[in-house]
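Structure file start27.csv with CSV, C-alpha atoms:
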chain,number,residue,atom,x,y,z
A,744,MET,CA,11.5,-8.4,-8.4
A,745,ARG,CA,11.4,-8.4,-4.6
A,746,LYS,CA,8.0,-7.7,-3.2
A,747,THR,CA,7.5,-5.1,-0.5
A,748,PRO,CA,5.9,-6.0,2.9
A,749,LEU,CA,2.7,-4.2,1.8
A,750,ALA,CA,2.6,-6.1,-1.5
A,751,LEU,CA,3.1,-9.4,0.4
A,752,ALA,CA,0.3,-8.5,2.8
A,753,ILE,CA,-2.1,-7.6,0.0
A,754,THR,CA,-1.3,-10.8,-1.9
A,755,ALA,CA,-1.9,-12.9,1.3
A,756,THR,CA,-5.2,-11.2,1.9
A,757,LEU,CA,-6.5,-11.7,-1.7
A,758,SER,CA,-5.3,-15.3,-1.6
A,759,LEU,CA,-7.3,-16.0,1.6
A,760,MET,CA,-10.4,-14.4,0.0
A,761,ALA,CA,-10.0,-16.8,-2.9
A,762,LEU,CA,-9.8,-20.0,-0.8
A,763,PRO,CA,-12.7,-22.3,-1.3
A,764,ALA,CA,-14.8,-23.0,1.8
A,765,ALA,CA,-15.8,-26.6,0.8
A,766,ALA,CA,-17.0,-27.5,4.2
A,767,GLN,CA,-19.5,-24.5,4.3
A,768,GLN,CA,-22.4,-23.6,2.1
A,769,ALA,CA,-22.5,-20.1,0.6
A,770,THR,CA,-26.2,-19.8,1.5
A,771,ASP,CA,-26.0,-16.0,2.3
A,772,VAL,CA,-24.5,-14.1,-0.6
A,773,VAL,CA,-25.6,-10.4,-1.1
A,774,THR,CA,-24.7,-8.6,-4.3
A,775,GLU,CA,-25.5,-5.0,-5.2
A,776,LEU,CA,-24.9,-3.1,-8.5
A,777,GLU,CA,-25.1,0.7,-8.4
A,778,PHE,CA,-25.2,3.0,-11.4
A,779,GLY,CA,-26.1,6.7,-11.8
A,780,ALA,CA,-25.0,10.3,-12.4
A,781,ILE,CA,-22.6,12.2,-10.2
A,782,VAL,CA,-21.6,15.8,-9.7
A,783,THR,CA,-18.1,16.4,-8.3
A,784,SER,CA,-16.2,19.3,-6.8
A,785,GLY,CA,-12.5,19.6,-5.7
A,786,ASN,CA,-10.0,18.0,-8.0
A,787,SER,CA,-12.7,16.8,-10.4
A,788,LYS,CA,-15.3,19.3,-11.7
A,789,ASP,CA,-17.5,17.7,-14.2
A,790,GLN,CA,-20.6,15.5,-14.8
A,791,ASN,CA,-19.7,11.9,-14.6
A,792,ILE,CA,-21.0,8.3,-14.6
A,793,LYS,CA,-20.8,6.6,-11.2
A,794,PHE,CA,-20.7,2.8,-10.8
A,795,LYS,CA,-20.3,0.5,-7.9
A,796,GLY,CA,-20.5,-3.2,-7.2
A,797,THR,CA,-20.4,-5.0,-3.9
A,798,VAL,CA,-20.4,-8.7,-3.0
A,799,ASP,CA,-20.6,-10.0,0.6
A,800,TRP,CA,-20.4,-13.7,1.6
A,801,ASP,CA,-21.6,-14.7,5.1
A,802,ARG,CA,-20.2,-18.1,5.9
A,803,GLY,CA,-21.1,-18.4,9.6
A,804,ASP,CA,-18.2,-17.1,11.7
A,805,TRP,CA,-16.3,-16.0,8.6
A,806,ILE,CA,-17.4,-13.0,6.4
A,807,TYR,CA,-15.8,-12.1,3.0
A,808,GLY,CA,-16.5,-8.9,1.1
A,809,PHE,CA,-15.4,-7.1,-2.0
A,810,SER,CA,-16.4,-3.7,-3.4
A,811,SER,CA,-15.4,-1.7,-6.4
A,812,ASP,CA,-16.6,1.8,-7.2
A,813,GLY,CA,-15.6,4.8,-9.2
A,814,PHE,CA,-16.6,7.2,-11.9
A,815,ARG,CA,-15.7,7.9,-15.5
A,816,SER,CA,-16.0,11.1,-17.5
A,817,SER,CA,-15.4,11.6,-21.2
A,818,LYS,CA,-15.7,14.4,-23.8
A,819,ASN,CA,-15.8,14.0,-27.5
A,820,SER,CA,-15.4,10.2,-27.0
A,821,GLU,CA,-12.1,10.8,-25.2
A,822,LEU,CA,-11.6,9.8,-21.6
A,823,ASN,CA,-10.6,12.8,-19.4
A,824,ALA,CA,-11.4,11.6,-15.9
A,825,GLN,CA,-11.4,8.3,-14.0
A,826,ARG,CA,-11.2,7.1,-10.4
A,827,LEU,CA,-11.3,3.5,-9.3
A,828,TYR,CA,-11.4,2.3,-5.6
A,829,HIS,CA,-11.3,-1.4,-4.7
A,830,VAL,CA,-11.6,-2.8,-1.2
A,831,GLY,CA,-11.4,-6.4,0.0
A,832,ARG,CA,-12.1,-7.7,3.5
A,833,ILE,CA,-11.9,-10.9,5.5
A,834,GLY,CA,-13.7,-10.9,8.9
A,835,TYR,CA,-14.0,-13.4,11.7
A,836,THR,CA,-16.8,-13.1,14.3
A,837,ILE,CA,-15.5,-13.7,17.8
A,838,ASN,CA,-18.9,-13.3,19.5
A,839,ASP,CA,-22.0,-11.2,19.1
A,840,PHE,CA,-20.1,-8.1,20.2
A,841,SER,CA,-16.6,-8.5,18.9
A,842,PHE,CA,-14.9,-9.3,15.5
A,843,VAL,CA,-11.5,-9.0,13.8
A,844,ASN,CA,-10.9,-8.4,10.1
A,845,ALA,CA,-8.1,-7.8,7.6
A,846,ARG,CA,-8.7,-5.1,5.0
A,847,VAL,CA,-6.9,-4.2,1.7
A,848,SER,CA,-7.6,-1.4,-0.6
A,849,TYR,CA,-6.3,0.0,-3.9
A,850,GLU,CA,-7.1,3.4,-5.4
A,851,ASP,CA,-6.3,4.8,-8.8
A,852,ASP,CA,-7.4,8.5,-8.9
A,853,ARG,CA,-6.3,10.5,-12.0
A,854,PHE,CA,-7.1,13.7,-10.2
A,855,SER,CA,-5.2,13.1,-6.9
A,856,GLY,CA,-1.6,13.6,-8.3
A,857,PHE,CA,-0.7,10.1,-7.2
A,858,ASP,CA,-0.2,7.2,-9.6
A,859,ASN,CA,-2.0,5.0,-7.1
A,860,GLN,CA,-2.4,4.5,-3.3
A,861,SER,CA,-2.9,1.2,-1.5
A,862,ASP,CA,-3.2,0.1,2.1
A,863,PHE,CA,-3.5,-3.0,4.3
A,864,SER,CA,-4.6,-3.2,7.9
A,865,VAL,CA,-5.6,-5.7,10.6
A,866,ASN,CA,-8.4,-4.5,12.9
A,867,TYR,CA,-10.4,-5.3,16.0
A,868,GLY,CA,-14.0,-4.2,16.1
A,869,ARG,CA,-17.1,-4.0,18.3
A,870,ASN,CA,-20.8,-4.2,17.4
A,871,LEU,CA,-22.7,-1.5,19.4
A,872,LEU,CA,-26.4,-0.6,19.7
A,873,ARG,CA,-27.2,-4.3,20.1
A,874,SER,CA,-30.4,-3.5,22.0
A,875,SER,CA,-31.8,-1.4,19.2
A,876,SER,CA,-34.2,-3.0,16.6
A,877,THR,CA,-33.7,-0.3,14.0
A,878,MET,CA,-30.0,0.8,14.4
A,879,THR,CA,-26.6,-0.9,14.1
A,880,LEU,CA,-23.2,0.6,14.7
A,881,ALA,CA,-19.9,-1.2,14.2
A,882,VAL,CA,-16.6,0.4,15.2
A,883,ASN,CA,-13.2,-1.0,14.5
A,884,PHE,CA,-9.5,0.1,14.8
A,885,GLY,CA,-6.2,-1.3,13.9
A,886,LEU,CA,-2.7,-1.0,12.4
A,887,GLY,CA,-1.4,-1.3,8.9
A,888,MET,CA,0.7,0.1,6.1
A,889,ARG,CA,0.0,2.5,3.2
A,890,ARG,CA,1.9,2.6,-0.1
A,891,SER,CA,1.8,5.7,-2.3
A,892,GLU,CA,3.2,5.9,-5.8
A,893,GLN,CA,3.9,9.2,-7.5
A,894,ASN,CA,5.8,9.8,-10.7
A,895,GLY,CA,7.2,6.3,-10.7
A,896,LEU,CA,8.5,6.6,-7.1
A,897,ALA,CA,7.0,4.6,-4.2
A,898,SER,CA,6.9,5.3,-0.4
A,899,ASP,CA,5.6,3.2,2.4
A,900,GLU,CA,4.4,4.4,5.8
A,901,ALA,CA,2.8,2.8,8.9
A,902,ILE,CA,-0.8,3.8,9.6
A,903,GLY,CA,-3.4,3.6,12.3
A,904,ARG,CA,-6.9,3.0,11.2
A,905,LEU,CA,-10.3,3.9,12.7
A,906,GLU,CA,-13.6,3.1,11.0
A,907,GLY,CA,-17.3,3.4,11.9
A,908,ASN,CA,-20.3,2.0,10.1
A,909,TYR,CA,-23.8,3.1,11.1
A,910,VAL,CA,-27.2,1.9,9.7
A,911,TRP,CA,-30.6,3.3,10.7
A,912,ASN,CA,-33.6,1.5,9.2
A,913,LEU,CA,-36.1,4.3,8.9
A,914,SER,CA,-38.9,2.0,7.7
A,915,GLU,CA,-39.3,-1.3,6.0
A,916,THR,CA,-38.3,0.2,2.7
A,917,ALA,CA,-35.9,3.1,3.6
A,918,SER,CA,-32.6,3.3,5.5
A,919,PHE,CA,-29.9,5.8,6.3
A,920,THR,CA,-26.2,4.9,6.4
A,921,GLN,CA,-23.1,6.7,7.6
A,922,ASP,CA,-19.6,5.3,6.9
A,923,PHE,CA,-16.5,7.0,8.3
A,924,SER,CA,-12.8,6.1,8.3
A,925,LEU,CA,-9.5,7.7,9.3
A,926,ASP,CA,-6.1,6.4,8.1
A,927,SER,CA,-3.4,8.3,10.0
A,928,GLY,CA,0.2,8.0,9.0
A,929,SER,CA,3.4,10.0,9.6
A,930,ASP,CA,3.4,11.5,6.0
A,931,SER,CA,-0.3,12.2,5.7
A,932,SER,CA,-3.8,11.2,7.0
A,933,ILE,CA,-6.8,10.3,4.9
A,934,VAL,CA,-10.4,10.9,6.1
A,935,ARG,CA,-13.3,9.4,4.2
A,936,SER,CA,-17.0,9.9,4.9
A,937,GLU,CA,-20.1,8.7,3.0
A,938,SER,CA,-23.7,9.5,4.0
A,939,GLY,CA,-26.6,7.9,2.1
A,940,ILE,CA,-30.3,7.5,2.1
A,941,GLN,CA,-31.8,4.5,0.3
A,942,SER,CA,-35.4,3.9,-0.6
A,943,GLN,CA,-36.8,0.7,-2.1
A,944,ILE,CA,-38.8,1.1,-5.3
A,945,MET,CA,-39.3,-2.5,-6.2
A,946,ASP,CA,-38.4,-5.9,-4.6
A,947,ASN,CA,-34.8,-5.7,-5.8
A,948,LEU,CA,-34.5,-2.1,-7.0
A,949,SER,CA,-33.8,1.0,-4.8
A,950,LEU,CA,-33.0,4.6,-5.3
A,951,ARG,CA,-30.0,6.0,-3.4
A,952,PHE,CA,-28.8,9.5,-2.7
A,953,SER,CA,-25.3,9.8,-1.3
A,954,VAL,CA,-22.7,12.4,-0.4
A,955,LYS,CA,-19.1,11.3,-0.3
A,956,LEU,CA,-16.1,13.2,1.0
A,957,LYS,CA,-12.3,12.4,0.9
A,958,HIS,CA,-9.8,14.6,2.6
A,959,GLN,CA,-6.0,14.0,2.6
A,960,THR,CA,-3.8,16.3,4.7
A,961,GLU,CA,-0.8,16.2,2.4
A,962,VAL,CA,-1.2,16.1,-1.4
A,963,PRO,CA,1.0,16.9,-4.4
A,964,PHE,CA,1.5,20.5,-5.3
A,965,GLY,CA,-1.5,22.1,-7.1
A,966,ARG,CA,-4.0,19.5,-6.0
A,967,ALA,CA,-7.0,20.1,-3.7
A,968,LYS,CA,-7.0,18.3,-0.3
A,969,THR,CA,-10.7,17.7,-0.3
A,970,ASP,CA,-12.9,16.0,-2.9
A,971,THR,CA,-16.7,15.6,-2.7
A,972,GLU,CA,-19.2,13.6,-4.7
A,973,THR,CA,-22.9,14.0,-4.7
A,974,ALA,CA,-24.8,11.2,-6.5
A,975,ALA,CA,-28.2,9.9,-7.2
A,976,THR,CA,-28.1,6.2,-8.2
A,977,LEU,CA,-30.2,3.2,-8.8
A,978,VAL,CA,-29.2,0.1,-6.8
A,979,LEU,CA,-30.0,-3.4,-8.0
A,980,SER,CA,-29.8,-6.1,-5.3
A,981,PHE,CA,-29.8,-9.9,-5.8

Translate this file's structure into structure tokens.
Amino acid sequence: MRKTPLALAITATLSLMALPAAAQQATDVVTELEFGAIVTSGNSKDQNIKFKGTVDWDRGDWIYGFSSDGFRSSKNSELNAQRLYHVGRIGYTINDFSFVNARVSYEDDRFSGFDNQSDFSVNYGRNLLRSSSTMTLAVNFGLGMRRSEQNGLASDEAIGRLEGNYVWNLSETASFTQDFSLDSGSDSSIVRSESGIQSQIMDNLSLRFSVKLKHQTEVPFGRAKTDTETAATLVLSF
């Protein structure tokens, strides 16, 4: 079967992430596991289990990252709700202020009306608030492609991407984060926002409260355009 340009781009990105960096030591690896309860509104209206895992490798000028999060709901031992969202990144630091990255994502949301949606983009970014000792802000923008599959049919579209990541260290043990992204295409646009407050309980255990929003301008008939998630989770870091 002939691969689409998006599939080839995703395959290339994942292959690069798997390349061994024999000449560099993986001395800075950060892993987080998150688990808790979640209350949703929009297409999903139920009490669910939320889970998330992230791994970040800092290898000098190169940075690799992967995250996987979602939720699961079941009644009478039968699965009736599930969403999975995976993101992989490769970034290269140009200098203290600038960077480039390639990003690939895949989402399987049983409530969205799509079989799945995936995207790939190449982005240029800037690190702002460099003079602040308690705040960081990274903004990046780029171009890519999105693939949507619905009822066995697939469609591809070019997208423009804008993303912002803000962190405010409120104290030595507490922080506020705000992530925002816009993927704009000719068929539809997707806006994602996640706000979170995290407080350290023990050396490697934190409590996190987060509010997540996803809005898609064009969705299948009978589906809500906006989904929200409000979650309280425990975060294990190591």

Find the spatial neighbours of A:Gln893, counting only C-alpha atoms, within a cut-off of 10 Å - ignore same-chain residues fewer than 6 positions away - and output them as a ChimeraX atom specification.
-> /A:855-860,963

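Ranking A:Ala974, A:Arg935, A:Thr879, A:Lys968 by their shortest atom-to-atom distance to A:Lys793, with only C-alpha atoms included, puts A:Ala974 first.
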
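Residue nearest A:Lys795, chosen from A:His829, A:Arg853, A:Arg869, A:His958 and counting all atoms listed in the file: A:His829.
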
Interatomic distance between atom CA of A:Gly903 and atom CA of A:Glu961?
->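 Here the two named atoms are 16.2 Å from each other.
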
Neighbour residues at most 9 Å from (-6.6, 5.4, 12.9) (all atoms listed in the file) as an MDAnalysis selection string | chainID A and resid 884:886 902:906 924:928 932

Please provide the set of residues having any atom within 12 Å of A:Gln921, restricted to only C-alpha atoms, with same-chain residues fewer than 6 positions apart removed, written as number ranges by chain.
-> A: 878-882, 906-912, 935-941, 953-956

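What separates atom CA of A:Ser841 from atom CA of A:Lys957 is a distance of 27.9 Å.
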
Between atom CA of A:Asn866 and atom CA of A:Thr836, measure the distance and give it in Å to one decimal.
-> 12.1 Å

A:Ile933 proximity check over A:Gln825, A:Thr971, A:Thr960, A:Gln790, using all atoms listed in the file: winner is A:Thr960

Selection near A:Ile806, 9 Å with all atoms listed in the file, sequence-local residues under 2 positions removed, as a list of chain:residue names =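 Non-adjacent residues within range: A:Asp799, A:Trp800, A:Asp801, A:Arg802, A:Gly803, A:Asp804, A:Gly808, A:Arg832, A:Ile833, A:Gly834, A:Tyr835, A:Thr836, A:Asn844.
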
Preceding selection exported with C-alpha atoms as a PDB file, keeping the file's coordinate frame:
ATOM      1  CA  ASP A 799     -20.600 -10.000   0.600  1.00  0.00           C
ATOM      2  CA  TRP A 800     -20.400 -13.700   1.600  1.00  0.00           C
ATOM      3  CA  ASP A 801     -21.600 -14.700   5.100  1.00  0.00           C
ATOM      4  CA  ARG A 802     -20.200 -18.100   5.900  1.00  0.00           C
ATOM      5  CA  GLY A 803     -21.100 -18.400   9.600  1.00  0.00           C
ATOM      6  CA  ASP A 804     -18.200 -17.100  11.700  1.00  0.00           C
ATOM      7  CA  GLY A 808     -16.500  -8.900   1.100  1.00  0.00           C
ATOM      8  CA  ARG A 832     -12.100  -7.700   3.500  1.00  0.00           C
ATOM      9  CA  ILE A 833     -11.900 -10.900   5.500  1.00  0.00           C
ATOM     10  CA  GLY A 834     -13.700 -10.900   8.900  1.00  0.00           C
ATOM     11  CA  TYR A 835     -14.000 -13.400  11.700  1.00  0.00           C
ATOM     12  CA  THR A 836     -16.800 -13.100  14.300  1.00  0.00           C
ATOM     13  CA  ASN A 844     -10.900  -8.400  10.100  1.00  0.00           C
TER      14      ASN A 844
END

Residue nearest A:Asn786 among A:Thr916, A:Phe854, A:Leu977, A:Val772 (counting only C-alpha atoms) | A:Phe854

Mind checking which residues fall within 12 Å of stretch 849-851 of chain A, counting only C-alpha atoms, ignoring those fewer than 2 positions away in the same chain, and posting them as number ranges by chain?
-> A: 749-750, 753, 757, 809-815, 824-831, 846-847, 853-863, 889-893

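Of the residues under consideration (A:Glu900, A:Ser876, A:Val773, A:Leu950), A:Glu900 shows the shortest atom-to-atom contact distance to A:Ser929 when counting all atoms listed in the file.
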
Choose the residue, out of A:Arg951, A:Asn791, A:Asp946, A:Trp805, that has the smallest atom-to-atom separation from A:Ser918; count all atoms listed in the file.
->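 For A:Ser918, the nearest of the candidates is A:Arg951.
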
Contacts of A:Gly779 within 7 Å, all atoms listed in the file, excl. fewer than 2 positions in-chain, as a list in words |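 Contacts, in chain order: Glu777, Ile781, Ile792, Lys793, Phe794, Ala975, Thr976 and Leu977 of chain A.
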